[in-house]
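Visitor: Can you keep this structure in mind? I'll have questions shortly.
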Amino acid sequence: MSWLQRLKIDKFLLILVCVVLVASFFPCEGIYKTIFSYLTTAAIALLFFMHGAKLSREAIMAGISHWRLHVVVFLSTFALFPLLGLGMKWLVPVGILTPTLYYGFLYLCALPATVQSAIAYTSVAGGNIPAAICSASASSILGVFLSPVLVGLLMHTQGGTNDTLHAIGSIVLQLMVPFIIGHLCRPLIGAWVQRHKKIVNITDRSSILLVVYVAFSAAVVEGIWHQIDGWSLLAILGCSIVLLTIVLIINTYVARLFGFNTKDEITIVFCGSKKSLANGIPMANVLFPASAVGAMVLPLMIFHQIQLMVCAVLASRYAKRVAREEAEAVVKKEEVKTV
């Protein structure tokens with residue numbers, strides 16, 4: 001047994017930490033940022049293409065029709081998070097958060113779920129991928145309409161209108177089109193994809209690493225380490241960890257309370273706990289004055305990195321749990337045949 005196994009340190013988490021360090025010291029800028037952005041887009045498109053080829057039409061319809069799961073994820077994203085955000089107001093008078101950072105957390109809580117990482121982690125963990133694709137994509141599309149409304153309800157904002165059609169078009173082109181093409185190609189390559197599941201797993205993890213590097217590079221270039229002092233950084237880190245922990249615990253217990261199986265629980269946990277950096281930063285440019293955007297998105301940038309790292313550990317543990325349950329199911333089936 002290696003020292004990593006004895007200390008129960010997840011190797012993928014260590015890789016993520018290394019990626020964050022590399023992004024901090026060597027962020028991608030200029031032409032390199034463009035190249036990595038294209039690589040990330042290509043990796044995500046390949047991921048959805050493979051999932052489209054892998055999933056049967058029956059599985060896709062089951063994912064769409066899984067309305068109870070979608071309701072839980074929707075309420076977590078657009079009700080639980082905003083309520084917890086409002087509850088953080090008491091941290092301002094005691095000096096834990098400044099008013100600006102508090103508004104930043106309110107803005108974070110009003111955003112839709114991130115699509116790519118939620119689905120990728122669900123896949124790594126062995127969750128219900130069709131339901132995750134439907135739920136996360138619907139959250140992102142609905143967020144284009146609901147998030148500005150929630151921001152307006154939670155705080156006073158000034159700004160223009162969001163380019164709704166462009167946002168929806170981007171989601172369709174980057175996620176749904178590759179998925180549909182992959183599914184249409186299923187009769188040709190479906191069997192090959194099923195035989196090479198490791199390729200899908202590598203694509204999942206590679207897309208996560210690319211998203212982390214590009215996202216954190218952007219945060220570093222925007223001056224994340226120069227905009228705040230040590231206390232503010234600790235406050236954001238602590239509040240982000242507590243916020244994410246509360247949401248993960250509530251989602252887990254709600255999934256078990258309503259009798260969802262392990263794969264559905266995984267989907268609820270990962271799709272209901274994410275907040276989108278990709279949607280959040282462009283939306284902030286529209287909703288807030290230019291001088292306030294940096295501070296408003298700072299909690300989002302840090303929360304985004306924390307959610308990726310924490311969920312990497314959870315995904316690894318869930319994967320082991322799913323593998324164990326599937327092995328036990330096979331043993332029981334063999335026992336029944338023997339009897």
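By order in the structure tokens, chains are A, B, ...; within a chain, residues start at 1; ligands start at 1, following the order shown.
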Using only C-alpha atoms, which residues of segment 196-277 of chain A come within 6 Å of segment 105-113 of chain A, and what is the closest atom pair for each, with the distance in Å to one decimal? Give it as a tab-separated table, sorted by chain and residue number.

Guide:
```
residue	atom	partner	partner_atom	distance
A:Lys274	CA	A:Ala113	CA	4.8
A:Lys275	CA	A:Ala113	CA	4.4
A:Ser276	CA	A:Ala113	CA	5.2
```

Visitor: Write out as a PyMOL selection string the residues lying within 12 Å of Lys54 of chain A, counting only C-alpha atoms and excluding same-chain residues fewer than 6 positions away.

Guide: chain A and resi 47-48+60+123+129-130+179-197+199-200

Visitor: Can you write out the residues you just picked, keeping N, CA, C and O atoms, as a short mmCIF file (atom, residue, chain, number, x, y, z; two decimals), in the first residue's frame?

Guide:
```cif
data_model
loop_
_atom_site.label_atom_id
_atom_site.label_comp_id
_atom_site.auth_asym_id
_atom_site.auth_seq_id
_atom_site.Cartn_x
_atom_site.Cartn_y
_atom_site.Cartn_z
N LEU A 47 -16.27 14.83 -25.06
CA LEU A 47 -16.92 14.18 -23.93
C LEU A 47 -18.39 13.94 -24.21
O LEU A 47 -18.92 12.83 -24.03
N PHE A 48 -19.09 14.97 -24.69
CA PHE A 48 -20.53 14.83 -24.95
C PHE A 48 -20.79 13.94 -26.16
O PHE A 48 -21.80 13.23 -26.20
N ILE A 60 -31.77 7.84 -22.38
CA ILE A 60 -31.99 9.28 -22.53
C ILE A 60 -33.41 9.66 -22.14
O ILE A 60 -33.64 10.65 -21.43
N SER A 123 -20.22 11.44 -14.11
CA SER A 123 -19.72 10.31 -14.87
C SER A 123 -18.60 9.59 -14.13
O SER A 123 -18.60 8.36 -14.03
N ILE A 129 -25.95 9.58 -15.65
CA ILE A 129 -25.46 10.56 -16.63
C ILE A 129 -26.58 11.18 -17.47
O ILE A 129 -26.59 12.41 -17.66
N PRO A 130 -27.55 10.40 -17.98
CA PRO A 130 -28.62 11.03 -18.76
C PRO A 130 -29.37 12.09 -17.95
O PRO A 130 -29.66 13.18 -18.46
N PHE A 179 -23.59 15.91 -28.45
CA PHE A 179 -24.32 14.79 -27.86
C PHE A 179 -25.25 14.15 -28.88
O PHE A 179 -25.29 12.92 -29.01
N ILE A 180 -26.00 14.98 -29.61
CA ILE A 180 -26.94 14.46 -30.61
C ILE A 180 -26.19 13.75 -31.73
O ILE A 180 -26.60 12.67 -32.18
N ILE A 181 -25.08 14.36 -32.19
CA ILE A 181 -24.29 13.72 -33.25
C ILE A 181 -23.76 12.37 -32.78
O ILE A 181 -23.80 11.37 -33.51
N GLY A 182 -23.25 12.34 -31.55
CA GLY A 182 -22.75 11.09 -31.01
C GLY A 182 -23.84 10.04 -30.91
O GLY A 182 -23.61 8.85 -31.22
N HIS A 183 -25.02 10.48 -30.50
CA HIS A 183 -26.13 9.52 -30.38
C HIS A 183 -26.56 9.00 -31.76
O HIS A 183 -26.88 7.81 -31.90
N LEU A 184 -26.55 9.87 -32.75
CA LEU A 184 -26.90 9.45 -34.10
C LEU A 184 -25.86 8.47 -34.66
O LEU A 184 -26.19 7.61 -35.49
N CYS A 185 -24.61 8.60 -34.18
CA CYS A 185 -23.53 7.70 -34.62
C CYS A 185 -23.48 6.42 -33.79
O CYS A 185 -22.61 5.57 -34.04
N ARG A 186 -24.35 6.30 -32.82
CA ARG A 186 -24.33 5.15 -31.92
C ARG A 186 -24.38 3.81 -32.66
O ARG A 186 -23.63 2.87 -32.29
N PRO A 187 -25.20 3.65 -33.71
CA PRO A 187 -25.20 2.35 -34.41
C PRO A 187 -23.84 1.99 -35.00
O PRO A 187 -23.53 0.80 -35.17
N LEU A 188 -23.00 3.00 -35.29
CA LEU A 188 -21.70 2.76 -35.90
C LEU A 188 -20.59 2.56 -34.87
O LEU A 188 -19.70 1.73 -35.06
N ILE A 189 -20.61 3.36 -33.79
CA ILE A 189 -19.48 3.35 -32.84
C ILE A 189 -19.90 3.01 -31.41
O ILE A 189 -19.04 2.96 -30.52
N GLY A 190 -21.18 2.77 -31.18
CA GLY A 190 -21.65 2.51 -29.82
C GLY A 190 -20.96 1.32 -29.17
O GLY A 190 -20.54 1.40 -28.01
N ALA A 191 -20.84 0.24 -29.91
CA ALA A 191 -20.21 -0.96 -29.36
C ALA A 191 -18.74 -0.71 -29.02
O ALA A 191 -18.23 -1.17 -27.99
N TRP A 192 -18.05 0.06 -29.88
CA TRP A 192 -16.63 0.36 -29.63
C TRP A 192 -16.47 1.20 -28.36
O TRP A 192 -15.57 0.96 -27.55
N VAL A 193 -17.36 2.18 -28.17
CA VAL A 193 -17.30 3.02 -26.98
C VAL A 193 -17.56 2.20 -25.73
O VAL A 193 -16.90 2.38 -24.70
N GLN A 194 -18.50 1.27 -25.80
CA GLN A 194 -18.79 0.41 -24.65
C GLN A 194 -17.59 -0.46 -24.28
O GLN A 194 -17.33 -0.70 -23.10
N ARG A 195 -16.83 -0.90 -25.27
CA ARG A 195 -15.67 -1.74 -25.01
C ARG A 195 -14.49 -0.93 -24.48
O ARG A 195 -13.58 -1.50 -23.87
N HIS A 196 -14.48 0.37 -24.70
CA HIS A 196 -13.36 1.22 -24.29
C HIS A 196 -13.85 2.31 -23.35
O HIS A 196 -13.69 3.51 -23.60
N LYS A 197 -14.44 1.89 -22.24
CA LYS A 197 -14.98 2.86 -21.28
C LYS A 197 -13.88 3.72 -20.65
O LYS A 197 -14.15 4.83 -20.18
N ILE A 199 -11.59 5.23 -22.10
CA ILE A 199 -11.40 6.44 -22.91
C ILE A 199 -12.37 7.53 -22.47
O ILE A 199 -12.01 8.71 -22.39
N VAL A 200 -13.61 7.13 -22.19
CA VAL A 200 -14.60 8.10 -21.71
C VAL A 200 -14.17 8.67 -20.37
O VAL A 200 -14.28 9.87 -20.11
#
```

Visitor: Using only C-alpha atoms, determine which residues lie at most 8 Å from segment 303-313 of chain A, disregarding the query and same-chain residues fewer than 3 positions distant; provide the list as a ChimeraX atom specification.

Guide: /A:10,12-13,16-17,117,121,212,216,237,240-241,244,270,273-277,299-300,316-317

Visitor: In Å, rounded to a single decimal, give me how far atom CA of Ala295 of chain A is from atom CA of Cys271 of chain A.

Guide: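 Taking atom CA of Cys271 of chain A and atom CA of Ala295 of chain A, their separation equals 26.0 Å.
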
Visitor: Quick one: residues within 12 Å of Val149 of chain A, only C-alpha atoms, excluding same-chain residues fewer than 3 positions away - as a list in words?

Guide: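 Contacts, with the query itself left out: Phe78, Pro82, Tyr107, Ala110, Leu111, Pro112, Leu142, Gly143, Val144, Phe145, Leu146, Gly152, Leu153, Leu154, Met155, His156, Thr157, Thr161, Asn162, Met283 and Leu287 of chain A.
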
Visitor: I need the chosen residues saved as a PDB file, in the first residue's frame, with N, CA and C atoms.

Guide:
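selection-v9.pdb, freshly written:
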```pdb
ATOM      1  N   PHE A  78     -31.798  27.146  -7.291  1.00  0.00           N
ATOM      2  CA  PHE A  78     -32.463  28.457  -7.358  1.00  0.00           C
ATOM      3  C   PHE A  78     -33.300  28.804  -6.121  1.00  0.00           C
ATOM      4  N   PRO A  82     -29.979  30.646  -2.773  1.00  0.00           N
ATOM      5  CA  PRO A  82     -30.335  32.033  -2.436  1.00  0.00           C
ATOM      6  C   PRO A  82     -30.722  32.217  -0.968  1.00  0.00           C
ATOM      7  N   TYR A 107     -24.617  37.157  -5.220  1.00  0.00           N
ATOM      8  CA  TYR A 107     -24.572  36.972  -6.673  1.00  0.00           C
ATOM      9  C   TYR A 107     -24.242  35.521  -7.012  1.00  0.00           C
ATOM     10  N   ALA A 110     -27.169  33.179  -6.763  1.00  0.00           N
ATOM     11  CA  ALA A 110     -28.244  33.358  -7.744  1.00  0.00           C
ATOM     12  C   ALA A 110     -27.928  32.715  -9.089  1.00  0.00           C
ATOM     13  N   LEU A 111     -26.707  32.227  -9.268  1.00  0.00           N
ATOM     14  CA  LEU A 111     -26.278  31.724 -10.574  1.00  0.00           C
ATOM     15  C   LEU A 111     -26.757  30.296 -10.838  1.00  0.00           C
ATOM     16  N   PRO A 112     -26.818  29.905 -12.107  1.00  0.00           N
ATOM     17  CA  PRO A 112     -27.169  28.518 -12.444  1.00  0.00           C
ATOM     18  C   PRO A 112     -26.008  27.576 -12.175  1.00  0.00           C
ATOM     19  N   LEU A 142     -32.187  27.805 -18.005  1.00  0.00           N
ATOM     20  CA  LEU A 142     -33.129  28.550 -17.169  1.00  0.00           C
ATOM     21  C   LEU A 142     -32.434  29.670 -16.417  1.00  0.00           C
ATOM     22  N   GLY A 143     -31.149  29.442 -16.069  1.00  0.00           N
ATOM     23  CA  GLY A 143     -30.410  30.457 -15.333  1.00  0.00           C
ATOM     24  C   GLY A 143     -30.245  31.748 -16.099  1.00  0.00           C
ATOM     25  N   VAL A 144     -30.217  31.652 -17.432  1.00  0.00           N
ATOM     26  CA  VAL A 144     -30.117  32.853 -18.252  1.00  0.00           C
ATOM     27  C   VAL A 144     -31.296  33.785 -17.968  1.00  0.00           C
ATOM     28  N   PHE A 145     -32.460  33.201 -17.682  1.00  0.00           N
ATOM     29  CA  PHE A 145     -33.646  34.007 -17.380  1.00  0.00           C
ATOM     30  C   PHE A 145     -33.790  34.261 -15.881  1.00  0.00           C
ATOM     31  N   LEU A 146     -33.568  33.211 -15.065  1.00  0.00           N
ATOM     32  CA  LEU A 146     -33.861  33.309 -13.639  1.00  0.00           C
ATOM     33  C   LEU A 146     -32.794  34.054 -12.844  1.00  0.00           C
ATOM     34  N   GLY A 152     -31.799  40.677  -9.048  1.00  0.00           N
ATOM     35  CA  GLY A 152     -32.601  41.872  -8.811  1.00  0.00           C
ATOM     36  C   GLY A 152     -33.386  41.797  -7.518  1.00  0.00           C
ATOM     37  N   LEU A 153     -33.862  40.589  -7.169  1.00  0.00           N
ATOM     38  CA  LEU A 153     -34.609  40.417  -5.925  1.00  0.00           C
ATOM     39  C   LEU A 153     -33.701  40.449  -4.701  1.00  0.00           C
ATOM     40  N   LEU A 154     -32.497  39.904  -4.847  1.00  0.00           N
ATOM     41  CA  LEU A 154     -31.582  39.795  -3.717  1.00  0.00           C
ATOM     42  C   LEU A 154     -30.815  41.081  -3.443  1.00  0.00           C
ATOM     43  N   MET A 155     -30.596  41.896  -4.480  1.00  0.00           N
ATOM     44  CA  MET A 155     -29.831  43.133  -4.307  1.00  0.00           C
ATOM     45  C   MET A 155     -30.257  44.140  -5.355  1.00  0.00           C
ATOM     46  N   HIS A 156     -29.890  45.373  -5.166  1.00  0.00           N
ATOM     47  CA  HIS A 156     -30.174  46.412  -6.148  1.00  0.00           C
ATOM     48  C   HIS A 156     -29.047  46.423  -7.167  1.00  0.00           C
ATOM     49  N   THR A 157     -29.386  46.309  -8.445  1.00  0.00           N
ATOM     50  CA  THR A 157     -28.369  46.285  -9.499  1.00  0.00           C
ATOM     51  C   THR A 157     -28.696  47.309 -10.567  1.00  0.00           C
ATOM     52  N   THR A 161     -29.268  44.399 -20.454  1.00  0.00           N
ATOM     53  CA  THR A 161     -29.935  43.107 -20.612  1.00  0.00           C
ATOM     54  C   THR A 161     -28.923  42.074 -21.038  1.00  0.00           C
ATOM     55  N   ASN A 162     -29.200  40.854 -20.724  1.00  0.00           N
ATOM     56  CA  ASN A 162     -28.298  39.764 -21.080  1.00  0.00           C
ATOM     57  C   ASN A 162     -28.640  39.238 -22.466  1.00  0.00           C
ATOM     58  N   MET A 283     -22.229  37.470 -17.139  1.00  0.00           N
ATOM     59  CA  MET A 283     -23.459  38.054 -16.616  1.00  0.00           C
ATOM     60  C   MET A 283     -23.162  39.221 -15.676  1.00  0.00           C
ATOM     61  N   LEU A 287     -24.677  43.073 -15.396  1.00  0.00           N
ATOM     62  CA  LEU A 287     -25.485  43.470 -14.246  1.00  0.00           C
ATOM     63  C   LEU A 287     -24.843  44.538 -13.373  1.00  0.00           C
TER      64      LEU A 287
END
```

Visitor: Would you return as a PyMOL selection string the members of segment 43-210 of chain A that DSSP assigns to alpha helix (DSSP H) on this structure's backbone?

Guide: chain A and resi 43-54+57-64+67-75+81-87+99-110+116-125+129-154+164-171+177-184+186-195+197-210
